[in-house]
>>> print(open('coords-v3.txt').read())   # compact mmCIF, C-alpha atoms
# COMPACT_ATOMS: atom_id res chain seq x y z
CA SER A 1 -15.94 -9.31 -8.60
CA GLN A 2 -12.49 -9.86 -7.22
CA THR A 3 -11.78 -10.51 -3.57
CA ILE A 4 -8.64 -11.06 -1.58
CA HIS A 5 -8.45 -13.16 1.54
CA GLN A 6 -5.68 -13.00 4.07
CA TRP A 7 -5.37 -14.91 7.32
CA PRO A 8 -5.00 -15.00 10.22
CA ALA A 9 -6.06 -11.50 11.27
CA THR A 10 -3.86 -11.50 14.35
CA LEU A 11 -0.99 -13.69 15.44
CA VAL A 12 1.26 -13.81 18.49
CA GLN A 13 4.36 -15.92 18.03
CA PRO A 14 7.47 -16.52 20.17
CA VAL A 15 10.92 -15.55 18.94
CA GLY A 16 12.47 -18.35 16.94
CA SER A 17 9.18 -19.93 15.89
CA PRO A 18 8.23 -20.41 12.23
CA LEU A 19 5.70 -18.30 10.35
CA SER A 20 3.30 -18.95 7.51
CA LEU A 21 0.84 -16.33 6.29
CA GLU A 22 -1.44 -17.14 3.41
CA CYS A 23 -3.19 -14.94 0.90
CA THR A 24 -5.58 -15.95 -1.87
CA VAL A 25 -7.28 -13.95 -4.59
CA GLU A 26 -10.58 -14.83 -6.20
CA GLY A 27 -12.24 -13.62 -9.34
CA THR A 28 -9.18 -12.89 -11.46
CA SER A 29 -6.36 -14.77 -13.09
CA ASN A 30 -2.62 -14.13 -13.27
CA PRO A 31 -2.64 -11.23 -10.83
CA ASN A 32 0.48 -9.41 -9.68
CA LEU A 33 0.80 -10.24 -5.99
CA TYR A 34 2.58 -8.32 -3.23
CA TRP A 35 3.55 -8.67 0.41
CA TYR A 36 4.02 -5.47 2.39
CA ARG A 37 4.92 -4.86 6.00
CA GLN A 38 4.00 -1.82 8.04
CA ALA A 39 5.80 -1.37 11.34
CA ALA A 40 4.03 0.62 14.05
CA GLY A 41 3.79 4.26 13.00
CA ARG A 42 5.72 3.65 9.81
CA GLY A 43 5.02 3.45 6.09
CA LEU A 44 4.45 0.38 3.96
CA GLN A 45 7.57 -1.53 3.05
CA LEU A 46 7.42 -3.78 0.00
CA LEU A 47 8.81 -7.21 0.91
CA PHE A 48 8.07 -9.39 -2.13
CA TYR A 49 6.21 -9.25 -5.39
CA SER A 50 5.27 -11.90 -7.91
CA VAL A 51 4.15 -11.75 -11.52
CA GLY A 52 3.42 -15.46 -11.88
CA ILE A 53 3.61 -18.93 -10.37
CA GLY A 54 7.02 -19.56 -8.91
CA GLN A 55 8.26 -16.05 -9.79
CA ILE A 56 9.23 -14.10 -6.70
CA SER A 57 11.20 -10.88 -6.43
CA SER A 58 12.57 -9.80 -3.08
CA GLU A 59 12.91 -6.15 -2.20
CA VAL A 60 14.57 -6.30 1.18
CA PRO A 61 17.03 -8.91 2.49
CA GLN A 62 15.65 -10.47 5.64
CA ASN A 63 14.75 -13.75 7.25
CA LEU A 64 11.44 -13.91 5.40
CA SER A 65 10.65 -15.74 2.18
CA ALA A 66 7.68 -15.91 -0.15
CA SER A 67 6.25 -18.54 -2.44
CA ARG A 68 3.53 -18.67 -5.06
CA PRO A 69 2.55 -22.31 -5.46
CA GLN A 70 -0.63 -21.50 -7.38
CA ASP A 71 -1.72 -18.62 -9.59
CA ARG A 72 -3.82 -16.95 -6.92
CA GLN A 73 -2.02 -18.03 -3.77
CA PHE A 74 0.82 -16.14 -2.15
CA ILE A 75 2.52 -17.33 1.03
CA LEU A 76 4.88 -15.47 3.34
CA SER A 77 7.12 -17.61 5.54
CA SER A 78 9.89 -17.52 8.04
CA LYS A 79 11.85 -20.34 9.61
CA LYS A 80 12.74 -18.38 12.75
CA LEU A 81 10.99 -15.18 13.73
CA LEU A 82 12.83 -12.21 15.20
CA LEU A 83 11.38 -9.53 17.48
CA SER A 84 11.88 -7.06 14.62
CA ASP A 85 9.48 -9.08 12.46
CA SER A 86 6.53 -7.70 14.42
CA GLY A 87 4.27 -5.56 12.30
CA PHE A 88 1.20 -5.37 10.12
CA TYR A 89 1.56 -7.66 7.09
CA LEU A 90 -0.52 -6.85 4.06
CA CYS A 91 -1.08 -8.88 0.93
CA ALA A 92 -2.19 -7.06 -2.20
CA TRP A 93 -2.95 -7.78 -5.83
CA SER A 94 -3.13 -5.78 -9.04
CA HIS A 95 -4.27 -6.53 -12.58
CA ASP A 96 -1.18 -5.43 -14.41
CA ARG A 97 1.68 -3.06 -14.39
CA ARG A 98 -0.25 0.16 -14.56
CA THR A 99 -3.15 -0.40 -12.25
CA GLU A 100 -3.87 0.16 -8.61
CA ALA A 101 -3.51 -2.54 -5.97
CA PHE A 102 -6.15 -3.94 -3.67
CA PHE A 103 -5.28 -5.06 -0.17
CA GLY A 104 -6.33 -7.86 2.08
CA GLN A 105 -7.34 -7.01 5.62
CA GLY A 106 -3.87 -7.68 6.94
CA THR A 107 -2.28 -9.80 9.64
CA ARG A 108 -1.10 -8.11 12.78
CA LEU A 109 1.93 -10.12 13.93
CA THR A 110 3.45 -9.70 17.37
CA VAL A 111 6.66 -11.57 18.08
CA VAL A 112 7.26 -12.00 21.81
CA ARG B 1 16.50 10.32 -1.16
CA LYS B 2 13.31 8.36 -0.54
CA GLU B 3 11.47 7.12 -3.62
CA VAL B 4 8.23 8.73 -2.44
CA GLU B 5 8.20 11.56 0.09
CA GLN B 6 5.29 13.05 1.97
CA ASP B 7 4.89 15.50 4.81
CA PRO B 8 3.93 13.22 7.73
CA GLY B 9 1.71 15.83 9.37
CA PRO B 10 -0.42 15.64 11.36
CA PHE B 11 -2.69 18.17 9.75
CA ASN B 12 -5.31 19.32 12.25
CA VAL B 13 -8.12 21.18 10.51
CA PRO B 14 -11.66 22.21 11.45
CA GLU B 15 -14.67 20.77 9.70
CA GLY B 16 -15.35 22.57 6.44
CA ALA B 17 -11.73 23.53 5.86
CA THR B 18 -9.79 22.90 2.68
CA VAL B 19 -6.57 20.97 3.08
CA ALA B 20 -3.84 20.06 0.59
CA PHE B 21 -1.31 17.25 0.71
CA ASN B 22 1.84 17.11 -1.36
CA CYS B 23 4.03 14.27 -2.49
CA THR B 24 7.25 14.04 -4.52
CA TYR B 25 8.74 11.01 -6.22
CA SER B 26 12.28 10.36 -7.35
CA ASN B 27 11.94 7.96 -10.30
CA SER B 28 11.12 9.86 -13.47
CA ALA B 29 10.18 6.57 -15.16
CA SER B 30 7.22 6.11 -12.83
CA GLN B 31 4.06 5.61 -14.80
CA SER B 32 0.97 5.71 -12.67
CA PHE B 33 0.03 7.39 -9.45
CA PHE B 34 -2.59 6.97 -6.76
CA TRP B 35 -3.81 8.28 -3.46
CA TYR B 36 -4.83 5.74 -0.84
CA ARG B 37 -6.55 6.26 2.48
CA GLN B 38 -5.67 4.23 5.56
CA ASP B 39 -7.75 4.25 8.70
CA CYS B 40 -6.13 3.33 12.00
CA ARG B 41 -5.20 -0.36 12.13
CA LYS B 42 -6.87 -1.06 8.80
CA GLU B 43 -5.64 -1.88 5.32
CA PRO B 44 -5.07 0.94 2.80
CA LYS B 45 -7.93 1.55 0.39
CA LEU B 46 -7.76 3.25 -2.97
CA LEU B 47 -9.05 6.80 -2.84
CA MET B 48 -8.37 7.85 -6.41
CA SER B 49 -5.99 7.54 -9.31
CA VAL B 50 -4.03 10.60 -10.39
CA TYR B 51 -4.00 11.60 -14.03
CA SER B 52 -1.75 14.06 -15.83
CA SER B 53 -4.67 16.30 -16.67
CA GLY B 54 -5.80 16.40 -13.06
CA ASN B 55 -8.97 14.75 -11.85
CA GLU B 56 -11.73 15.35 -9.40
CA ASP B 57 -13.99 13.04 -7.42
CA GLY B 58 -16.51 14.97 -5.39
CA ARG B 59 -14.64 16.96 -2.74
CA PHE B 60 -11.30 15.43 -3.74
CA THR B 61 -9.01 16.79 -6.46
CA ALA B 62 -5.73 15.18 -7.50
CA GLN B 63 -3.01 16.78 -9.59
CA LEU B 64 0.15 15.42 -11.19
CA ASN B 65 3.13 17.41 -12.41
CA ARG B 66 5.47 15.03 -14.21
CA ALA B 67 8.09 17.67 -14.90
CA SER B 68 8.43 18.44 -11.19
CA GLN B 69 7.68 14.86 -10.13
CA TYR B 70 5.04 16.16 -7.79
CA ILE B 71 1.58 14.90 -6.84
CA SER B 72 -1.06 16.66 -4.79
CA LEU B 73 -4.40 15.94 -3.18
CA LEU B 74 -6.87 18.65 -2.27
CA ILE B 75 -9.79 17.98 0.06
CA ARG B 76 -12.52 20.60 0.16
CA ASP B 77 -15.18 20.99 2.83
CA SER B 78 -13.47 18.53 5.18
CA LYS B 79 -15.66 16.11 7.11
CA LEU B 80 -14.95 14.39 10.40
CA SER B 81 -14.98 11.13 8.46
CA ASP B 82 -12.03 12.32 6.36
CA SER B 83 -9.76 11.81 9.37
CA ALA B 84 -7.24 9.18 8.28
CA THR B 85 -3.75 8.79 6.90
CA TYR B 86 -3.39 9.58 3.20
CA LEU B 87 -0.79 7.61 1.28
CA CYS B 88 0.81 8.73 -1.94
CA VAL B 89 1.57 5.76 -4.21
CA VAL B 90 3.78 5.56 -7.29
CA ASN B 91 3.79 2.67 -9.74
CA THR B 92 7.03 2.02 -11.60
CA TYR B 93 7.49 -0.66 -14.20
CA THR B 94 10.82 -2.44 -13.64
CA GLY B 95 10.92 -4.31 -16.92
CA THR B 96 9.50 -7.51 -15.50
CA ALA B 97 6.83 -6.32 -13.10
CA SER B 98 5.16 -3.26 -11.73
CA LYS B 99 6.28 -2.04 -8.34
CA LEU B 100 4.05 0.05 -6.14
CA THR B 101 5.96 2.28 -3.75
CA PHE B 102 4.13 3.96 -0.91
CA GLY B 103 4.94 7.17 0.87
CA THR B 104 4.88 7.07 4.65
CA GLY B 105 1.57 8.91 4.65
CA THR B 106 0.17 12.20 5.85
CA ARG B 107 -2.13 12.09 8.83
CA LEU B 108 -5.25 14.23 8.77
CA GLN B 109 -7.36 14.98 11.81
CA VAL B 110 -10.59 16.88 11.19
CA THR B 111 -12.12 18.42 14.30
CA LEU B 112 -15.42 20.05 15.21
>>> encode(input="coords-v3.txt", output="structure tokens")
Amino acid sequence: SQTIHQWPATLVQPVGSPLSLECTVEGTSNPNLYWYRQAAGRGLQLLFYSVGIGQISSEVPQNLSASRPQDRQFILSSKKLLLSDSGFYLCAWSHDRRTEAFFGQGTRLTVV
Amino acid sequence: RKEVEQDPGPFNVPEGATVAFNCTYSNSASQSFFWYRQDCRKEPKLLMSVYSSGNEDGRFTAQLNRASQYISLLIRDSKLSDSATYLCVVNTYTGTASKLTFGTGTRLQVTL
């Protein structure tokens, strides 16, 4: 069976510090991978998606970036965090273009 | 216009009640549709897919009207454990990848 791992679960970072969130998927190959952010009391905002190694599409311009160095690894990064980057970050994967997505447990980021 | 729109609620209903959630989407090229459930401070989890012919899973019934670009979820005999936020999700193929777009969710509170 497939599983998705996302870490850390919670993170408190000062403004201006860098960020690296990692997500890995097991039990499948060549998944579609996604990073979402959910601000407090808001809906899920798609940040990045990837259909393969090194292929990243960005949905919203911001100070975040994503990379996919391996087939089942998806990394979300920032060089300098802003207060507005606080939120619940969720990694997800799907088999292909028609199927549902499965989420990791999320990282709750607080920028102080 | 938002790509996926939902009534945010909250819907406060007594146990045993029937409750219906509605969702509209703007992209007529969207191909697959889902309802997710999100508990407070947790990741979204797939509740059910939505098929053109309508589908049922126990107390839950989902309907899709492609002509009106409208999706619904009906919950019968509500349980306390149904209290959560219900997210309408639309999958649109962009030509290179699938893109899942989430509504902001409808909050349901089932009471004694």
>>> closest_atom_pairs(input="coords-v3.txt", of="chain B", to="chain A", cutoff="7 Å", atoms="only C-alpha atoms", output="tab-separated table")
residue	atom	partner	partner_atom	distance
B:Gln31	CA	A:Arg98	CA	7.0
B:Ser32	CA	A:Arg98	CA	6.0
B:Lys42	CA	A:Gln105	CA	6.8
B:Glu43	CA	A:Gln105	CA	5.4
B:Pro44	CA	A:Phe103	CA	6.7
B:Asn91	CA	A:Arg98	CA	6.8
B:Tyr93	CA	A:Arg97	CA	6.3
B:Ala97	CA	A:Arg97	CA	6.2
B:Ser98	CA	A:Arg97	CA	4.4
B:Phe102	CA	A:Leu44	CA	6.1
B:Gly103	CA	A:Gly43	CA	6.4
B:Thr104	CA	A:Gly43	CA	3.9
B:Gly105	CA	A:Gly43	CA	6.6
>>> atom_distance(input="coords-v3.txt", atom1="CA of Ser30 in chain B", atom2="CA of Ile75 in chain B")
24.4 Å
>>> closest_residue(input="coords-v3.txt", among="B:Ser49, B:Gln63, B:Thr106, B:Gln38", to="Asp7 in chain B", atoms="all atoms listed in the file")
B:Thr106
>>> atom_distance(input="coords-v3.txt", atom1="CA of Cys88 in chain B", atom2="CA of Asn65 in chain B")
13.8 Å
>>> atom_distance(input="coords-v3.txt", atom1="CA of Phe21 in chain B", atom2="CA of Lys99 in chain B")
22.6 Å
>>> closest_residue(input="coords-v3.txt", among="B:Arg107, B:Leu112, B:Gly58, B:Ala67", to="Lys79 in chain B", atoms="only C-alpha atoms")
B:Leu112
>>> residues_near_point(input="coords-v3.txt", point="(0.5, -11.5, 13.2)", cutoff="6 Å", atoms="all atoms listed in the file", output="count of residues only")
7
>>> residues_near_point(input="coords-v3.txt", point="(13.1, 8.7, -5.1)", cutoff="7 Å", atoms="all atoms listed in the file", output="list of chain:residue names")
B:Arg1, B:Lys2, B:Glu3, B:Val4, B:Tyr25, B:Ser26, B:Asn27
>>> write_last_selection(input="coords-v3.txt", atoms="C-alpha atoms", output="PDB file, in the frame of the given file")
ATOM      1  CA  ARG B   1      16.500  10.320  -1.160  1.00  0.00           C
ATOM      2  CA  LYS B   2      13.310   8.360  -0.540  1.00  0.00           C
ATOM      3  CA  GLU B   3      11.470   7.120  -3.620  1.00  0.00           C
ATOM      4  CA  VAL B   4       8.230   8.730  -2.440  1.00  0.00           C
ATOM      5  CA  TYR B  25       8.740  11.010  -6.220  1.00  0.00           C
ATOM      6  CA  SER B  26      12.280  10.360  -7.350  1.00  0.00           C
ATOM      7  CA  ASN B  27      11.940   7.960 -10.300  1.00  0.00           C
TER       8      ASN B  27
END
>>> build_atoms(input="coords-v3.txt", residues="range 78-89 of chain A", atoms="all heavy atoms", output="compact mmCIF listing (two decimals), keeping the file's coordinate frame")
# COMPACT_ATOMS: atom_id res chain seq x y z
N SER A 78 8.62 -17.71 7.37
CA SER A 78 9.89 -17.52 8.04
C SER A 78 10.21 -18.80 8.80
O SER A 78 9.31 -19.44 9.36
CB SER A 78 9.84 -16.34 9.02
OG SER A 78 11.03 -16.28 9.78
N LYS A 79 11.46 -19.15 8.85
CA LYS A 79 11.85 -20.34 9.61
C LYS A 79 12.01 -20.00 11.09
O LYS A 79 11.71 -20.80 11.96
CB LYS A 79 13.15 -20.92 9.06
CG LYS A 79 13.01 -21.51 7.67
CD LYS A 79 14.32 -22.12 7.19
CE LYS A 79 14.14 -22.72 5.80
NZ LYS A 79 15.42 -23.25 5.27
N LYS A 80 12.51 -18.80 11.36
CA LYS A 80 12.74 -18.38 12.75
C LYS A 80 12.44 -16.90 12.89
O LYS A 80 13.18 -16.06 12.39
CB LYS A 80 14.20 -18.64 13.17
CG LYS A 80 14.55 -20.08 13.40
CD LYS A 80 15.98 -20.18 13.95
CE LYS A 80 16.33 -21.63 14.25
NZ LYS A 80 17.69 -21.75 14.81
N LEU A 81 11.38 -16.57 13.58
CA LEU A 81 10.99 -15.18 13.73
C LEU A 81 11.91 -14.42 14.67
O LEU A 81 12.42 -14.96 15.66
CB LEU A 81 9.56 -15.09 14.26
CG LEU A 81 8.46 -15.40 13.25
CD1 LEU A 81 7.13 -15.56 13.96
CD2 LEU A 81 8.38 -14.32 12.19
N LEU A 82 12.09 -13.13 14.35
CA LEU A 82 12.83 -12.21 15.20
C LEU A 82 11.83 -11.21 15.80
O LEU A 82 10.74 -10.99 15.25
CB LEU A 82 13.87 -11.44 14.38
CG LEU A 82 14.84 -12.27 13.55
CD1 LEU A 82 15.67 -11.36 12.65
CD2 LEU A 82 15.74 -13.09 14.46
N LEU A 83 12.24 -10.56 16.89
CA LEU A 83 11.38 -9.53 17.48
C LEU A 83 11.06 -8.45 16.45
O LEU A 83 9.95 -7.92 16.40
CB LEU A 83 12.07 -8.89 18.69
CG LEU A 83 12.12 -9.73 19.97
CD1 LEU A 83 12.95 -9.01 21.03
CD2 LEU A 83 10.72 -10.00 20.50
N SER A 84 12.04 -8.12 15.61
CA SER A 84 11.88 -7.06 14.62
C SER A 84 10.92 -7.43 13.50
O SER A 84 10.59 -6.58 12.67
CB SER A 84 13.24 -6.69 14.03
OG SER A 84 13.85 -7.83 13.45
N ASP A 85 10.46 -8.67 13.47
CA ASP A 85 9.48 -9.08 12.46
C ASP A 85 8.06 -8.67 12.83
O ASP A 85 7.14 -8.80 12.02
CB ASP A 85 9.53 -10.59 12.24
CG ASP A 85 10.81 -11.04 11.57
OD1 ASP A 85 11.33 -10.30 10.71
OD2 ASP A 85 11.30 -12.15 11.90
N SER A 86 7.87 -8.16 14.01
CA SER A 86 6.53 -7.70 14.42
C SER A 86 6.07 -6.59 13.49
O SER A 86 6.86 -5.73 13.08
CB SER A 86 6.57 -7.16 15.86
OG SER A 86 6.85 -8.21 16.77
N GLY A 87 4.80 -6.61 13.17
CA GLY A 87 4.27 -5.56 12.30
C GLY A 87 2.94 -5.99 11.71
O GLY A 87 2.38 -7.03 12.05
N PHE A 88 2.47 -5.14 10.81
CA PHE A 88 1.20 -5.37 10.12
C PHE A 88 1.55 -5.83 8.72
O PHE A 88 2.14 -5.07 7.94
CB PHE A 88 0.42 -4.05 10.12
CG PHE A 88 -1.00 -4.15 9.67
CD1 PHE A 88 -1.78 -5.25 9.98
CD2 PHE A 88 -1.58 -3.11 8.97
CE1 PHE A 88 -3.11 -5.33 9.59
CE2 PHE A 88 -2.91 -3.17 8.57
CZ PHE A 88 -3.67 -4.28 8.87
N TYR A 89 1.21 -7.07 8.39
CA TYR A 89 1.56 -7.66 7.09
C TYR A 89 0.35 -7.60 6.17
O TYR A 89 -0.74 -8.06 6.52
CB TYR A 89 2.04 -9.10 7.27
CG TYR A 89 3.42 -9.16 7.88
CD1 TYR A 89 3.59 -9.04 9.26
CD2 TYR A 89 4.56 -9.28 7.09
CE1 TYR A 89 4.86 -9.06 9.83
CE2 TYR A 89 5.83 -9.30 7.65
CZ TYR A 89 5.95 -9.18 9.02
OH TYR A 89 7.21 -9.19 9.58
